[in-house]
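Data from query_28.cif: mmCIF, C-alpha atoms; chains and numbers go by the auth columns
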data_input
#
loop_
_atom_site.group_PDB
_atom_site.id
_atom_site.type_symbol
_atom_site.label_atom_id
_atom_site.label_comp_id
_atom_site.label_asym_id
_atom_site.label_seq_id
_atom_site.Cartn_x
_atom_site.Cartn_y
_atom_site.Cartn_z
_atom_site.B_iso_or_equiv
_atom_site.auth_seq_id
_atom_site.auth_asym_id
ATOM 1 C CA ASP A 1 116.992 102.651 112.008 0.00 29 A
ATOM 2 C CA GLN A 2 117.071 104.773 108.866 0.00 30 A
ATOM 3 C CA GLN A 3 114.952 102.893 106.319 0.00 31 A
ATOM 4 C CA VAL A 4 115.323 105.563 103.644 0.00 32 A
ATOM 5 C CA LYS A 5 118.678 107.201 103.114 0.00 33 A
ATOM 6 C CA GLN A 6 119.893 110.071 101.015 0.00 34 A
ATOM 7 C CA ASN A 7 123.631 109.959 101.414 0.00 35 A
ATOM 8 C CA SER A 8 124.427 113.202 99.614 0.00 36 A
ATOM 9 C CA PRO A 9 123.492 116.221 101.748 0.00 37 A
ATOM 10 C CA SER A 10 124.080 118.599 98.862 0.00 38 A
ATOM 11 C CA LEU A 11 124.530 118.761 95.103 0.00 39 A
ATOM 12 C CA SER A 12 125.575 121.640 92.882 0.00 40 A
ATOM 13 C CA VAL A 13 125.065 121.643 89.099 0.00 41 A
ATOM 14 C CA GLN A 14 125.214 124.136 86.289 0.00 42 A
ATOM 15 C CA GLU A 15 122.041 125.396 84.672 0.00 43 A
ATOM 16 C CA GLY A 16 121.093 123.247 81.682 0.00 44 A
ATOM 17 C CA ARG A 17 122.963 120.171 82.902 0.00 45 A
ATOM 18 C CA ILE A 18 121.481 117.040 84.454 0.00 46 A
ATOM 19 C CA SER A 19 120.861 116.763 88.190 0.00 47 A
ATOM 20 C CA ILE A 20 120.845 113.266 89.646 0.00 48 A
ATOM 21 C CA LEU A 21 119.601 112.781 93.188 0.00 49 A
ATOM 22 C CA ASN A 22 119.957 109.384 94.789 0.00 50 A
ATOM 23 C CA CYS A 23 118.077 107.498 97.450 0.00 51 A
ATOM 24 C CA ASP A 24 118.546 104.052 99.023 0.00 52 A
ATOM 25 C CA TYR A 25 116.122 102.051 101.102 0.00 53 A
ATOM 26 C CA THR A 26 116.293 98.940 103.226 0.00 54 A
ATOM 27 C CA ASN A 27 112.684 97.787 103.571 0.00 55 A
ATOM 28 C CA SER A 28 111.623 95.505 100.718 0.00 56 A
ATOM 29 C CA MET A 29 107.975 95.937 101.773 0.00 57 A
ATOM 30 C CA PHE A 30 107.789 99.454 100.394 0.00 58 A
ATOM 31 C CA ASP A 31 105.269 99.623 97.537 0.00 59 A
ATOM 32 C CA TYR A 32 105.489 103.221 96.443 0.00 60 A
ATOM 33 C CA PHE A 33 108.185 105.843 96.302 0.00 61 A
ATOM 34 C CA LEU A 34 107.749 109.584 96.061 0.00 62 A
ATOM 35 C CA TRP A 35 109.907 112.635 95.624 0.00 63 A
ATOM 36 C CA TYR A 36 109.083 115.909 97.330 0.00 64 A
ATOM 37 C CA LYS A 37 110.653 119.308 96.853 0.00 65 A
ATOM 38 C CA LYS A 38 110.864 121.853 99.655 0.00 66 A
ATOM 39 C CA TYR A 39 111.582 125.563 99.461 0.00 67 A
ATOM 40 C CA PRO A 40 112.416 127.537 102.628 0.00 68 A
ATOM 41 C CA ALA A 41 109.358 128.558 104.663 0.00 69 A
ATOM 42 C CA GLU A 42 107.123 126.248 102.638 0.00 70 A
ATOM 43 C CA GLY A 43 105.932 122.707 103.145 0.00 71 A
ATOM 44 C CA PRO A 44 107.163 119.859 100.943 0.00 72 A
ATOM 45 C CA THR A 45 105.526 119.755 97.507 0.00 73 A
ATOM 46 C CA PHE A 46 104.911 116.513 95.652 0.00 74 A
ATOM 47 C CA LEU A 47 107.047 116.122 92.550 0.00 75 A
ATOM 48 C CA ILE A 48 106.800 112.619 91.132 0.00 76 A
ATOM 49 C CA SER A 49 106.175 109.065 92.286 0.00 77 A
ATOM 50 C CA ILE A 50 106.766 105.507 91.158 0.00 78 A
ATOM 51 C CA SER A 51 105.141 102.216 91.998 0.00 79 A
ATOM 52 C CA SER A 52 107.374 99.315 92.995 0.00 80 A
ATOM 53 C CA ILE A 53 106.130 97.354 89.968 0.00 81 A
ATOM 54 C CA LYS A 54 107.681 99.870 87.589 0.00 82 A
ATOM 55 C CA ASP A 55 111.266 100.835 86.955 0.00 83 A
ATOM 56 C CA LYS A 56 110.773 104.269 85.422 0.00 84 A
ATOM 57 C CA ASN A 57 108.331 107.137 85.545 0.00 85 A
ATOM 58 C CA GLU A 58 108.662 110.349 83.615 0.00 86 A
ATOM 59 C CA ASP A 59 106.970 113.725 83.970 0.00 87 A
ATOM 60 C CA GLY A 60 108.373 116.518 81.865 0.00 88 A
ATOM 61 C CA ARG A 61 111.891 117.322 82.986 0.00 89 A
ATOM 62 C CA PHE A 62 111.672 114.878 85.899 0.00 90 A
ATOM 63 C CA THR A 63 112.310 111.139 85.673 0.00 91 A
ATOM 64 C CA VAL A 64 112.468 108.693 88.540 0.00 92 A
ATOM 65 C CA PHE A 65 114.247 105.364 88.171 0.00 93 A
ATOM 66 C CA LEU A 66 113.750 102.436 90.506 0.00 94 A
ATOM 67 C CA ASN A 67 116.184 99.526 90.875 0.00 95 A
ATOM 68 C CA LYS A 68 114.463 97.083 93.203 0.00 96 A
ATOM 69 C CA SER A 69 117.283 94.568 93.309 0.00 97 A
ATOM 70 C CA ALA A 70 119.650 97.281 94.521 0.00 98 A
ATOM 71 C CA LYS A 71 116.958 98.984 96.648 0.00 99 A
ATOM 72 C CA HIS A 72 117.886 102.231 94.989 0.00 100 A
ATOM 73 C CA LEU A 73 116.017 105.027 93.291 0.00 101 A
ATOM 74 C CA SER A 74 117.145 108.178 91.619 0.00 102 A
ATOM 75 C CA LEU A 75 115.584 111.396 90.400 0.00 103 A
ATOM 76 C CA HIS A 76 116.891 112.921 87.188 0.00 104 A
ATOM 77 C CA ILE A 77 116.191 116.545 86.322 0.00 105 A
ATOM 78 C CA VAL A 78 116.981 117.517 82.739 0.00 106 A
ATOM 79 C CA PRO A 79 117.672 120.291 82.015 0.00 107 A
ATOM 80 C CA SER A 80 118.233 121.757 85.451 0.00 108 A
ATOM 81 C CA GLN A 81 116.996 125.294 86.062 0.00 109 A
ATOM 82 C CA PRO A 82 117.855 127.791 88.825 0.00 110 A
ATOM 83 C CA GLY A 83 114.265 127.519 90.083 0.00 111 A
ATOM 84 C CA ASP A 84 114.925 123.855 90.836 0.00 112 A
ATOM 85 C CA SER A 85 117.208 124.901 93.703 0.00 113 A
ATOM 86 C CA ALA A 86 115.555 123.427 96.782 0.00 114 A
ATOM 87 C CA VAL A 87 115.755 120.539 99.229 0.00 115 A
ATOM 88 C CA TYR A 88 114.636 117.238 97.704 0.00 116 A
ATOM 89 C CA PHE A 89 113.280 114.433 99.845 0.00 117 A
ATOM 90 C CA CYS A 90 112.624 110.914 98.744 0.00 118 A
ATOM 91 C CA ALA A 91 109.939 109.057 100.644 0.00 119 A
ATOM 92 C CA ALA A 92 108.581 105.533 100.720 0.00 120 A
ATOM 93 C CA VAL A 93 105.272 104.033 101.756 0.00 121 A
ATOM 94 C CA SER A 94 103.951 100.498 102.155 0.00 122 A
ATOM 95 C CA SER A 95 100.442 99.293 101.356 0.00 123 A
ATOM 96 C CA GLY A 96 100.011 98.276 104.976 0.00 124 A
ATOM 97 C CA ASN A 97 100.197 101.880 106.115 0.00 125 A
ATOM 98 C CA THR A 98 99.252 104.141 103.264 0.00 126 A
ATOM 99 C CA GLY A 99 99.558 107.370 105.211 0.00 127 A
ATOM 100 C CA LYS A 100 102.951 106.858 106.748 0.00 128 A
ATOM 101 C CA LEU A 101 105.592 108.362 104.524 0.00 129 A
ATOM 102 C CA ILE A 102 109.137 107.400 105.483 0.00 130 A
ATOM 103 C CA PHE A 103 111.427 110.233 104.431 0.00 131 A
ATOM 104 C CA GLY A 104 115.122 110.404 103.723 0.00 132 A
ATOM 105 C CA GLN A 105 117.238 113.174 105.194 0.00 133 A
ATOM 106 C CA GLY A 106 117.031 115.320 102.085 0.00 134 A
ATOM 107 C CA THR A 107 119.489 116.608 99.489 0.00 135 A
ATOM 108 C CA THR A 108 119.965 120.317 98.911 0.00 136 A
ATOM 109 C CA LEU A 109 120.220 121.012 95.197 0.00 137 A
ATOM 110 C CA GLN A 110 121.786 124.230 93.970 0.00 138 A
ATOM 111 C CA VAL A 111 121.511 125.025 90.274 0.00 139 A
ATOM 112 C CA LYS A 112 123.928 127.755 89.268 0.00 140 A
ATOM 113 C CA PRO A 113 123.039 130.137 86.414 0.00 141 A
ATOM 114 C CA GLU B 1 99.673 126.660 97.069 0.00 28 B
ATOM 115 C CA THR B 2 98.475 123.366 98.542 0.00 29 B
ATOM 116 C CA GLY B 3 95.390 124.781 100.248 0.00 30 B
ATOM 117 C CA VAL B 4 96.679 123.527 103.595 0.00 31 B
ATOM 118 C CA THR B 5 97.182 126.113 106.312 0.00 32 B
ATOM 119 C CA GLN B 6 98.820 125.787 109.699 0.00 33 B
ATOM 120 C CA SER B 7 98.802 128.054 112.717 0.00 34 B
ATOM 121 C CA PRO B 8 100.669 129.541 114.338 0.00 35 B
ATOM 122 C CA THR B 9 103.676 130.039 112.072 0.00 36 B
ATOM 123 C CA HIS B 10 106.128 130.272 114.935 0.00 37 B
ATOM 124 C CA LEU B 11 105.861 129.475 118.604 0.00 38 B
ATOM 125 C CA ILE B 12 108.193 129.717 121.586 0.00 39 B
ATOM 126 C CA LYS B 13 107.491 127.698 124.717 0.00 40 B
ATOM 127 C CA THR B 14 109.390 126.681 127.797 0.00 41 B
ATOM 128 C CA ARG B 15 110.135 123.176 128.981 0.00 42 B
ATOM 129 C CA GLY B 16 107.195 121.511 130.690 0.00 43 B
ATOM 130 C CA GLN B 17 104.536 123.617 128.978 0.00 44 B
ATOM 131 C CA GLN B 18 101.834 122.352 126.646 0.00 45 B
ATOM 132 C CA VAL B 19 101.238 123.408 123.045 0.00 46 B
ATOM 133 C CA THR B 20 98.453 123.054 120.473 0.00 47 B
ATOM 134 C CA LEU B 21 99.140 123.329 116.761 0.00 48 B
ATOM 135 C CA ARG B 22 96.403 123.601 114.149 0.00 49 B
ATOM 136 C CA CYS B 23 95.950 122.463 110.577 0.00 50 B
ATOM 137 C CA SER B 24 93.153 122.998 108.083 0.00 51 B
ATOM 138 C CA SER B 25 92.601 122.192 104.429 0.00 52 B
ATOM 139 C CA GLN B 26 90.393 123.733 101.765 0.00 53 B
ATOM 140 C CA SER B 27 90.259 120.462 99.871 0.00 54 B
ATOM 141 C CA GLY B 28 88.044 118.438 102.189 0.00 55 B
ATOM 142 C CA HIS B 29 90.583 115.612 102.361 0.00 56 B
ATOM 143 C CA ASN B 30 89.448 113.011 104.860 0.00 57 B
ATOM 144 C CA THR B 31 92.878 112.072 106.198 0.00 58 B
ATOM 145 C CA VAL B 32 95.544 114.099 107.944 0.00 59 B
ATOM 146 C CA SER B 33 99.054 113.122 108.964 0.00 60 B
ATOM 147 C CA TRP B 34 101.407 115.008 111.242 0.00 61 B
ATOM 148 C CA TYR B 35 105.176 115.030 110.908 0.00 62 B
ATOM 149 C CA GLN B 36 108.059 116.366 112.968 0.00 63 B
ATOM 150 C CA GLN B 37 111.066 117.691 111.092 0.00 64 B
ATOM 151 C CA ALA B 38 114.182 118.305 113.148 0.00 65 B
ATOM 152 C CA LEU B 39 116.907 120.533 111.759 0.00 66 B
ATOM 153 C CA GLY B 40 118.808 118.844 108.940 0.00 67 B
ATOM 154 C CA GLN B 41 116.538 115.796 108.931 0.00 68 B
ATOM 155 C CA GLY B 42 113.613 114.579 106.906 0.00 69 B
ATOM 156 C CA PRO B 43 110.076 114.706 108.294 0.00 70 B
ATOM 157 C CA GLN B 44 109.218 111.937 110.762 0.00 71 B
ATOM 158 C CA PHE B 45 105.710 110.523 110.914 0.00 72 B
ATOM 159 C CA ILE B 46 103.932 111.213 114.217 0.00 73 B
ATOM 160 C CA PHE B 47 100.416 109.908 113.543 0.00 74 B
ATOM 161 C CA GLN B 48 97.536 109.892 111.134 0.00 75 B
ATOM 162 C CA TYR B 49 93.825 110.617 111.564 0.00 76 B
ATOM 163 C CA TYR B 50 91.112 109.256 109.327 0.00 77 B
ATOM 164 C CA ARG B 51 87.476 110.218 109.886 0.00 78 B
ATOM 165 C CA GLU B 52 88.256 111.619 113.340 0.00 79 B
ATOM 166 C CA GLU B 53 90.078 108.540 114.635 0.00 80 B
ATOM 167 C CA GLU B 54 93.783 107.887 115.036 0.00 81 B
ATOM 168 C CA ASN B 55 94.729 105.427 112.327 0.00 82 B
ATOM 169 C CA GLY B 56 98.440 104.819 112.636 0.00 83 B
ATOM 170 C CA ARG B 57 101.187 106.121 114.863 0.00 84 B
ATOM 171 C CA GLY B 58 104.931 106.518 114.580 0.00 85 B
ATOM 172 C CA ASN B 59 107.534 106.192 117.300 0.00 86 B
ATOM 173 C CA PHE B 60 106.357 109.092 119.439 0.00 87 B
ATOM 174 C CA PRO B 61 105.331 109.007 123.133 0.00 88 B
ATOM 175 C CA PRO B 62 101.715 109.417 124.311 0.00 89 B
ATOM 176 C CA ARG B 63 102.315 113.051 125.260 0.00 90 B
ATOM 177 C CA PHE B 64 101.907 113.680 121.519 0.00 91 B
ATOM 178 C CA SER B 65 98.183 113.513 120.843 0.00 92 B
ATOM 179 C CA GLY B 66 95.827 114.757 118.207 0.00 93 B
ATOM 180 C CA LEU B 67 92.303 115.463 117.137 0.00 94 B
ATOM 181 C CA GLN B 68 90.496 115.578 113.829 0.00 95 B
ATOM 182 C CA PHE B 69 87.220 117.456 113.623 0.00 96 B
ATOM 183 C CA PRO B 70 84.119 116.779 111.479 0.00 97 B
ATOM 184 C CA ASN B 71 85.271 119.442 109.013 0.00 98 B
ATOM 185 C CA TYR B 72 88.577 117.492 108.792 0.00 99 B
ATOM 186 C CA SER B 73 90.657 120.221 110.405 0.00 100 B
ATOM 187 C CA SER B 74 93.104 118.885 112.942 0.00 101 B
ATOM 188 C CA GLU B 75 95.105 119.657 116.052 0.00 102 B
ATOM 189 C CA LEU B 76 98.388 118.340 117.372 0.00 103 B
ATOM 190 C CA ASN B 77 98.854 118.607 121.123 0.00 104 B
ATOM 191 C CA VAL B 78 102.149 118.126 122.885 0.00 105 B
ATOM 192 C CA ASN B 79 102.275 117.968 126.679 0.00 106 B
ATOM 193 C CA ALA B 80 105.245 118.332 129.015 0.00 107 B
ATOM 194 C CA LEU B 81 107.414 119.907 126.332 0.00 108 B
ATOM 195 C CA GLU B 82 111.064 118.878 126.172 0.00 109 B
ATOM 196 C CA LEU B 83 113.975 120.676 124.540 0.00 110 B
ATOM 197 C CA ASP B 84 114.149 117.981 121.834 0.00 111 B
ATOM 198 C CA ASP B 85 110.605 118.833 120.771 0.00 112 B
ATOM 199 C CA SER B 86 112.013 121.928 119.078 0.00 113 B
ATOM 200 C CA ALA B 87 111.319 121.302 115.396 0.00 114 B
ATOM 201 C CA LEU B 88 109.186 122.166 112.396 0.00 115 B
ATOM 202 C CA TYR B 89 105.796 120.465 112.629 0.00 116 B
ATOM 203 C CA LEU B 90 104.101 119.681 109.344 0.00 117 B
ATOM 204 C CA CYS B 91 100.634 118.457 108.627 0.00 118 B
ATOM 205 C CA ALA B 92 99.609 116.802 105.391 0.00 119 B
ATOM 206 C CA THR B 93 96.120 116.120 104.095 0.00 120 B
ATOM 207 C CA TYR B 94 95.004 113.644 101.435 0.00 121 B
ATOM 208 C CA TRP B 95 92.352 111.157 100.416 0.00 122 B
ATOM 209 C CA GLY B 96 93.036 108.109 102.570 0.00 123 B
ATOM 210 C CA GLY B 97 92.708 104.497 101.576 0.00 124 B
ATOM 211 C CA SER B 98 94.760 104.377 98.400 0.00 125 B
ATOM 212 C CA ILE B 99 98.487 103.956 98.351 0.00 126 B
ATOM 213 C CA GLY B 100 100.435 106.596 96.551 0.00 127 B
ATOM 214 C CA ASN B 101 97.797 109.281 96.959 0.00 128 B
ATOM 215 C CA GLU B 102 99.566 112.592 96.971 0.00 129 B
ATOM 216 C CA GLN B 103 99.825 114.194 100.386 0.00 130 B
ATOM 217 C CA PHE B 104 99.500 117.974 100.475 0.00 131 B
ATOM 218 C CA PHE B 105 101.656 119.637 103.090 0.00 132 B
ATOM 219 C CA GLY B 106 101.118 122.846 104.952 0.00 133 B
ATOM 220 C CA PRO B 107 103.968 125.324 105.497 0.00 134 B
ATOM 221 C CA GLY B 108 104.553 124.086 109.030 0.00 135 B
ATOM 222 C CA THR B 109 104.762 125.516 112.536 0.00 136 B
ATOM 223 C CA ARG B 110 108.226 126.215 113.889 0.00 137 B
ATOM 224 C CA LEU B 111 108.250 125.301 117.592 0.00 138 B
ATOM 225 C CA THR B 112 111.110 126.381 119.825 0.00 139 B
ATOM 226 C CA VAL B 113 111.310 124.989 123.356 0.00 140 B
ATOM 227 C CA LEU B 114 113.557 126.891 125.760 0.00 141 B
#
Any chance you could give the structure as structure tokens?
Amino acid sequence: DQQVKQNSPSLSVQEGRISILNCDYTNSMFDYFLWYKKYPAEGPTFLISISSIKDKNEDGRFTVFLNKSAKHLSLHIVPSQPGDSAVYFCAAVSSGNTGKLIFGQGTTLQVKP
Amino acid sequence: ETGVTQSPTHLIKTRGQQVTLRCSSQSGHNTVSWYQQALGQGPQFIFQYYREEENGRGNFPPRFSGLQFPNYSSELNVNALELDDSALYLCATYWGGSIGNEQFFGPGTRLTVL
């Protein structure tokens, strides 16, 4: 049972344009959502998070939007840079189990110069 | 750099053998989680240790076991290895008890079971 889904395995955008990565979830008990970025041969690195009581969180070029009614979140990267090319995972966690991150399958982002 | 190290980097074992993977953090985080990442998938939660005790477990059989030491370093042990255990194993350390606390991942150990 895949509770967190990233339905796009890959995304390719031009440098300077917007990258939009999407994530859907099924469990309404999730309280927090996080995005991680992963380069080859490295572990996932935390990017940005959002609490379920908010609908937007912004950090520099990265903005996460949460639509609770649709059980959908998205990560916007503006402007995209070649160094952003990586695998992006969304993850969810519930207050009943703060350590257990439930990850999506990941989306590989390629930003072309 | 997350300050989390894992050893070994790569490992090849045969079916039925046992393996021990190690994780340590420079940050002194009191909680460690272990994840299994199969090819093309996201990491899957194996279990979590808080102050040397298992404090949450995912859908993994008992042959996956762990330890956390007083210095908060950790081990993941897998007995009776199966071919499907071939994966990248990640550990993550953080300050437990608060939701949303950032987890810091190590680079992982790539395990291949032949």
Using all atoms listed in the file for the distances, tell me which of B:Phe91, B:Trp122, B:Phe72, B:Tyr99 is nearest to chain A. B:Phe72
Within 12 Å of Asn50 (chain A), counting only C-alpha atoms, which residues qualify if same-chain residues fewer than 5 places away don't, as a VMD selection string? chain A and resid 32 to 39 63 92 to 95 99 to 105 116 to 119 132 to 137
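Shortest atom-to-atom contact with Thr54 (chain A) among A:Val41, A:Ala114, A:Ile81, A:Ile130: A:Ile130, counting only C-alpha atoms.
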So how far away is CA of Ser113 (chain B) from CA of Glu81 (chain B), in Å? 23.4 Å
Contact residues around Phe61 (chain A) with all atoms listed in the file at 7 Å, ignoring same-chain residues under 2 positions, as a PyMOL selection string: chain A and resi 59+77-79+119-121
Have a look at B:Ile73, B:Ser51, B:Ile39, B:Leu138 and name the one nearest to chain A; count only C-alpha atoms. B:Ile73
Report the closest atom pair, with its distance in Å rounded to one decimal, for each residue of chain A that has an atom no farther than 7 Å from chain B; count only C-alpha atoms, sort by chain and then rising residue number, and write it as a Markdown table.
| residue | atom | partner | partner_atom | distance |
| --- | --- | --- | --- | --- |
| A:Tyr60 | CA | B:Gly127 | CA | 6.1 |
| A:Ala69 | CA | B:Pro134 | CA | 6.3 |
| A:Glu70 | CA | B:Pro134 | CA | 4.4 |
| A:Gly71 | CA | B:Pro134 | CA | 4.0 |
| A:Pro72 | CA | B:Phe132 | CA | 5.9 |
| A:Thr73 | CA | B:Phe132 | CA | 6.8 |
| A:Phe74 | CA | B:Glu129 | CA | 6.8 |
| A:Ser123 | CA | B:Ile126 | CA | 5.9 |
| A:Thr126 | CA | B:Ile126 | CA | 5.0 |
| A:Gly127 | CA | B:Gln75 | CA | 6.7 |
| A:Lys128 | CA | B:Phe72 | CA | 6.2 |
| A:Leu129 | CA | B:Phe72 | CA | 6.7 |
| A:Ile130 | CA | B:Gln71 | CA | 7.0 |
| A:Phe131 | CA | B:Gly69 | CA | 5.5 |
| A:Gly132 | CA | B:Gly69 | CA | 5.5 |
| A:Gln133 | CA | B:Gly69 | CA | 4.2 |
| A:Gly134 | CA | B:Gly69 | CA | 6.0 |
Carefully work through the PyMOL selection byres ((chain B and resi 88) around 12) for this structure and note down the residues it includes, as a PyMOL selection string. chain B and resi 73-74+84-87+89-92+104-109+112
Resulting file, chosen residues, C-alpha atoms, as a PDB file, in the frame of the given file:
ATOM      1  CA  ILE B  73     103.932 111.213 114.217  1.00  0.00           C
ATOM      2  CA  PHE B  74     100.416 109.908 113.543  1.00  0.00           C
ATOM      3  CA  ARG B  84     101.187 106.121 114.863  1.00  0.00           C
ATOM      4  CA  GLY B  85     104.931 106.518 114.580  1.00  0.00           C
ATOM      5  CA  ASN B  86     107.534 106.192 117.300  1.00  0.00           C
ATOM      6  CA  PHE B  87     106.357 109.092 119.439  1.00  0.00           C
ATOM      7  CA  PRO B  89     101.715 109.417 124.311  1.00  0.00           C
ATOM      8  CA  ARG B  90     102.315 113.051 125.260  1.00  0.00           C
ATOM      9  CA  PHE B  91     101.907 113.680 121.519  1.00  0.00           C
ATOM     10  CA  SER B  92      98.183 113.513 120.843  1.00  0.00           C
ATOM     11  CA  ASN B 104      98.854 118.607 121.123  1.00  0.00           C
ATOM     12  CA  VAL B 105     102.149 118.126 122.885  1.00  0.00           C
ATOM     13  CA  ASN B 106     102.275 117.968 126.679  1.00  0.00           C
ATOM     14  CA  ALA B 107     105.245 118.332 129.015  1.00  0.00           C
ATOM     15  CA  LEU B 108     107.414 119.907 126.332  1.00  0.00           C
ATOM     16  CA  GLU B 109     111.064 118.878 126.172  1.00  0.00           C
ATOM     17  CA  ASP B 112     110.605 118.833 120.771  1.00  0.00           C
TER      18      ASP B 112
END
Using all atoms listed in the file, which residues sit within 12 Å of Gln42 (chain A) once same-chain residues fewer than 2 positions away are excluded, as a tab-separated table (two decimals) with C-alpha atoms, keeping the file's coordinate frame?
chain	number	residue	atom	x	y	z
A	39	LEU	CA	124.53	118.76	95.10
A	40	SER	CA	125.58	121.64	92.88
A	44	GLY	CA	121.09	123.25	81.68
A	45	ARG	CA	122.96	120.17	82.90
A	46	ILE	CA	121.48	117.04	84.45
A	47	SER	CA	120.86	116.76	88.19
A	105	ILE	CA	116.19	116.54	86.32
A	106	VAL	CA	116.98	117.52	82.74
A	107	PRO	CA	117.67	120.29	82.02
A	108	SER	CA	118.23	121.76	85.45
A	109	GLN	CA	117.00	125.29	86.06
A	110	PRO	CA	117.86	127.79	88.82
A	112	ASP	CA	114.92	123.86	90.84
A	113	SER	CA	117.21	124.90	93.70
A	137	LEU	CA	120.22	121.01	95.20
A	138	GLN	CA	121.79	124.23	93.97
A	139	VAL	CA	121.51	125.02	90.27
A	140	LYS	CA	123.93	127.76	89.27
A	141	PRO	CA	123.04	130.14	86.41
Between CA of Gly111 (chain A) and CA of Leu49 (chain A), what is the distance, to one decimal in Å? 16.0 Å
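If you measure from each of A:Ser122, A:Lys96, A:Tyr53, A:Tyr64 to Gln31 (chain A) using all atoms listed in the file, the closest one turns out to be A:Tyr53.
Pairwise distance (CA of Leu38 (chain B), CA of Ala114 (chain B)) equals 10.3 Å.
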Where does the PyMOL selection byres ((chain B and resi 49) around 6) land in this file, that is, which residues does it pick, as a list in words? Gln33, Ser34, Leu48, Cys50, Ser101 and Glu102 of chain B
Judged by all atoms listed in the file, the minimum distance to Glu80 (chain B) among B:Asn57, B:Ser52, B:Gln45, B:Gln63 is found for B:Asn57
